[in-house]
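J.: Okay, so here is input.txt, and as you'll see once you scroll down, it has compact mmCIF, C-alpha atoms.
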# COMPACT_ATOMS: atom_id res chain seq x y z
CA MET H 180 97.31 7.69 41.47
CA THR H 181 98.31 11.37 41.58
CA LYS H 182 101.11 12.61 39.39
CA LYS H 183 103.77 14.50 41.37
CA LEU H 184 104.95 17.89 40.17
CA ALA H 185 108.36 17.62 38.57
CA GLN H 186 110.93 19.40 40.70
CA ASP H 187 113.73 19.22 38.17
CA GLY H 188 113.01 22.59 36.56
CA SER H 189 110.72 21.18 33.88
CA CYS H 190 107.48 22.30 35.57
CA PRO H 191 106.90 26.07 35.82
CA VAL H 192 104.49 25.68 38.76
CA ALA H 193 107.00 23.62 40.75
CA THR H 194 109.74 26.13 39.91
CA THR H 195 107.62 29.05 41.11
CA LEU H 196 106.65 27.25 44.30
CA SER H 197 110.27 26.39 45.02
CA LEU H 198 111.22 30.08 44.70
CA LEU H 199 108.39 31.17 46.99
CA ASN H 200 108.54 28.20 49.34
CA SER H 201 107.34 29.99 52.47
CA GLN H 202 104.56 32.30 53.53
CA TRP H 203 107.22 34.78 54.63
CA LYS H 204 108.62 35.29 51.15
CA ILE H 205 105.18 36.10 49.80
CA LEU H 206 104.50 38.52 52.68
CA ILE H 207 107.89 40.18 52.14
CA MET H 208 107.00 40.59 48.46
CA ARG H 209 103.64 42.09 49.45
CA GLU H 210 105.43 44.66 51.62
CA LEU H 211 107.94 45.55 48.92
CA LEU H 212 105.17 45.90 46.34
CA MET H 213 103.31 48.30 48.63
CA HIS H 214 106.46 50.33 49.42
CA SER H 215 109.11 50.77 46.76
CA SER H 216 111.87 49.95 49.23
CA GLU H 217 112.19 49.23 52.94
CA ARG H 218 114.93 48.91 55.48
CA TYR H 219 115.39 45.65 57.35
CA SER H 220 113.78 47.02 60.54
CA GLU H 221 110.73 48.23 58.59
CA LEU H 222 110.27 44.80 57.04
CA GLN H 223 110.60 43.13 60.43
CA ARG H 224 107.98 45.46 61.90
CA ASN H 225 105.56 45.21 58.95
CA VAL H 226 105.71 41.45 58.37
CA VAL H 227 103.92 40.48 61.58
CA GLY H 228 105.29 37.38 63.29
CA ILE H 229 108.48 36.91 61.28
CA SER H 230 111.62 36.16 63.27
CA GLN H 231 114.91 37.92 62.66
CA LYS H 232 116.44 34.63 61.49
CA MET H 233 113.63 33.91 59.02
CA LEU H 234 113.66 37.47 57.64
CA THR H 235 117.43 37.35 57.14
CA GLN H 236 117.27 33.90 55.51
CA SER H 237 114.34 34.82 53.26
CA LEU H 238 115.95 38.08 52.09
CA HIS H 239 119.22 36.27 51.40
CA GLU H 240 117.48 33.57 49.33
CA MET H 241 115.30 36.06 47.47
CA THR H 242 118.36 38.17 46.64
CA ALA H 243 120.23 35.10 45.37
CA ASP H 244 117.19 34.16 43.23
CA GLY H 245 117.03 37.64 41.66
CA ILE H 246 113.68 38.57 43.22
CA VAL H 247 114.96 41.16 45.71
CA GLN H 248 117.80 43.62 45.42
CA ARG H 249 119.83 44.83 48.38
CA GLN H 250 121.22 48.35 48.18
CA VAL H 251 123.88 49.50 50.64
CA PHE H 252 124.31 53.24 51.11
CA PRO H 253 127.84 54.31 52.13
CA GLU H 254 126.92 56.01 55.39
CA VAL H 255 127.76 55.65 59.04
CA PRO H 256 125.94 53.77 60.42
CA PRO H 257 125.39 51.60 57.33
CA HIS H 258 122.05 52.09 55.61
CA VAL H 259 120.64 49.12 53.68
CA GLU H 260 117.38 49.05 51.75
CA TYR H 261 115.61 46.18 50.05
CA SER H 262 113.44 46.45 46.96
CA LEU H 263 111.99 44.16 44.34
CA THR H 264 113.78 43.60 41.07
CA SER H 265 111.73 43.78 37.88
CA LEU H 266 111.37 39.99 38.19
CA GLY H 267 109.95 40.40 41.70
CA GLN H 268 107.65 43.21 40.57
CA SER H 269 106.24 40.93 37.88
CA MET H 270 104.53 38.98 40.71
CA ASP H 271 102.22 41.96 41.38
CA PRO H 272 99.17 40.63 39.45
CA ILE H 273 99.60 37.20 41.04
CA LEU H 274 99.70 38.61 44.56
CA LYS H 275 96.67 40.80 43.78
CA ALA H 276 94.82 37.66 42.66
CA ILE H 277 95.83 35.87 45.89
CA HIS H 278 94.59 38.90 47.87
CA SER H 279 91.26 38.89 46.04
CA TRP H 280 90.77 35.15 46.47
CA GLY H 281 91.64 35.42 50.18
CA ASN H 282 89.01 38.14 50.66
CA LYS H 283 86.37 35.96 48.98
CA TYR H 284 87.36 32.97 51.08
CA LEU H 285 87.21 34.95 54.34
CA ALA H 286 83.83 36.39 53.37
CA SER H 287 82.43 32.88 52.94
CA HIS H 288 84.29 31.48 56.01
CA PRO H 289 84.11 34.23 58.66
CA GLU H 290 85.28 31.82 61.37
CA LYS H 291 88.69 31.75 59.64
CA ASN H 292 89.14 35.52 59.91
CA LYS H 293 91.78 36.17 62.58
CA THR H 294 91.96 39.84 63.44
CA ASN H 295 95.31 39.49 65.23
CA GLU H 296 97.19 38.21 62.17
CA GLN H 297 98.54 40.21 59.22
CA PRO H 298 96.79 43.58 58.99
CA GLU H 299 94.42 44.24 56.12
CA THR H 300 96.14 46.28 53.46
CA ASP H 301 95.09 48.30 50.48
CA PHE H 302 97.34 46.02 48.43
CA ALA H 303 94.76 45.29 45.74
CA GLN H 304 94.15 49.01 45.17
CA LYS H 305 97.86 49.90 44.98
CA GLN H 306 98.69 51.72 41.81
CA PRO H 307 101.86 50.81 39.88
What would the structure in this file look like if it were written as structure tokens?
T.:
Amino acid sequence: MTKKLAQDGSCPVATTLSLLNSQWKILIMRELLMHSSERYSELQRNVVGISQKMLTQSLHEMTADGIVQRQVFPEVPPHVEYSLTSLGQSMDPILKAIHSWGNKYLASHPEKNKTNEQPETDFAQKQP
């Protein structure tokens, strides 16, 4: 019998997965790690396939969880930018490891490589 991950806050893996519970949150983090901050429209354009509803929901949840910060500039029209908090930035080595593992997987499973999905990035080479 398999032991289930505790979802009551006692398991760090379960806690992390609950904070990043969708592919979109991880892709949003990737974008914000590559660019120090982005406007909503830039995120929607750069995170291929995300709907407006999902982007709005993900940003709201990530802001509430302390991973993303939302900065409003007092201009007309309103100017809002999103960036990672220091907590969000601490995911950088983990996302680099996911990127590296994904490259190795795709190299050994070329049939899984879909050229029309998320564009290849220089994420792993990004300097802090």
J.: Could you check which of H:Pro257, H:Leu263, H:Ile229, H:Ile273 is closest to Ser201 of chain H, using all atoms listed in the file?
T.: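 For Ser201 of chain H, the nearest of the candidates is H:Ile229.
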J.: Looking at H:Leu211, H:Met270, H:Ile277, H:Val192, which one is nearest to Gln248 of chain H, with distances taken over all atoms listed in the file?
T.: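 Of all the options, H:Leu211 lies closest to Gln248 of chain H.
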J.: Between H:Phe252, H:Tyr219, H:Tyr261, H:Trp203, which residue has the minimum interatomic distance to Met233 of chain H, considering only C-alpha atoms?
T.: H:Trp203
J.: Would you work out the distance separating atom CA of Arg249 of chain H from atom CA of Glu221 of chain H, expressed in Å to one decimal?
T.: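 Taking atom CA of Arg249 of chain H and atom CA of Glu221 of chain H, their separation equals 14.1 Å.
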J.: Could you name the residues that touch Gln236 of chain H at 12 Å or less, counting all atoms listed in the file, but leaving out those on the same chain fewer than 4 positions away, as a PyMOL selection string?
T.: chain H and resi 201+203-204+207+229-232+240-243
J.: Go ahead and compute the interatomic distance for atom CA of Ala286 of chain H and atom CA of Leu274 of chain H, in Å to one decimal.
T.: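 Atom-to-atom, atom CA of Ala286 of chain H and atom CA of Leu274 of chain H are spaced 18.3 Å apart.
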J.: Quick check, in Å to one decimal: how far apart do atom CA of Gly267 of chain H and atom CA of Leu212 of chain H lie?
T.: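 Computed distance, atom CA of Gly267 of chain H to atom CA of Leu212 of chain H, equals 8.6 Å.
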J.: Edge lengths and centre in Å to one decimal, as AutoDock Vina command-line options, is what I'm after for the box along x, y and z that holds all listed atoms of segment 261-269 of chain H once 4 Å is added on each side.
T.:
--center_x 110.9 --center_y 43.2 --center_z 44.0 --size_x 17.4 --size_y 14.5 --size_z 20.2
J.: For each of H:Val255, H:Val227, H:Ser216, H:Ser189, take the minimum atom-to-atom distance to Gln202 of chain H, counting all atoms listed in the file, then give the residue where this is smallest.
T.: H:Val227
J.: Given the point (112.4, 41.7, 57.7) in the file's coordinates, find the residues that have an atom at most 6 Å from it, counting all atoms listed in the file, and give them as JSON, numbers by chain.
T.: {"H": [219, 222, 223, 234]}
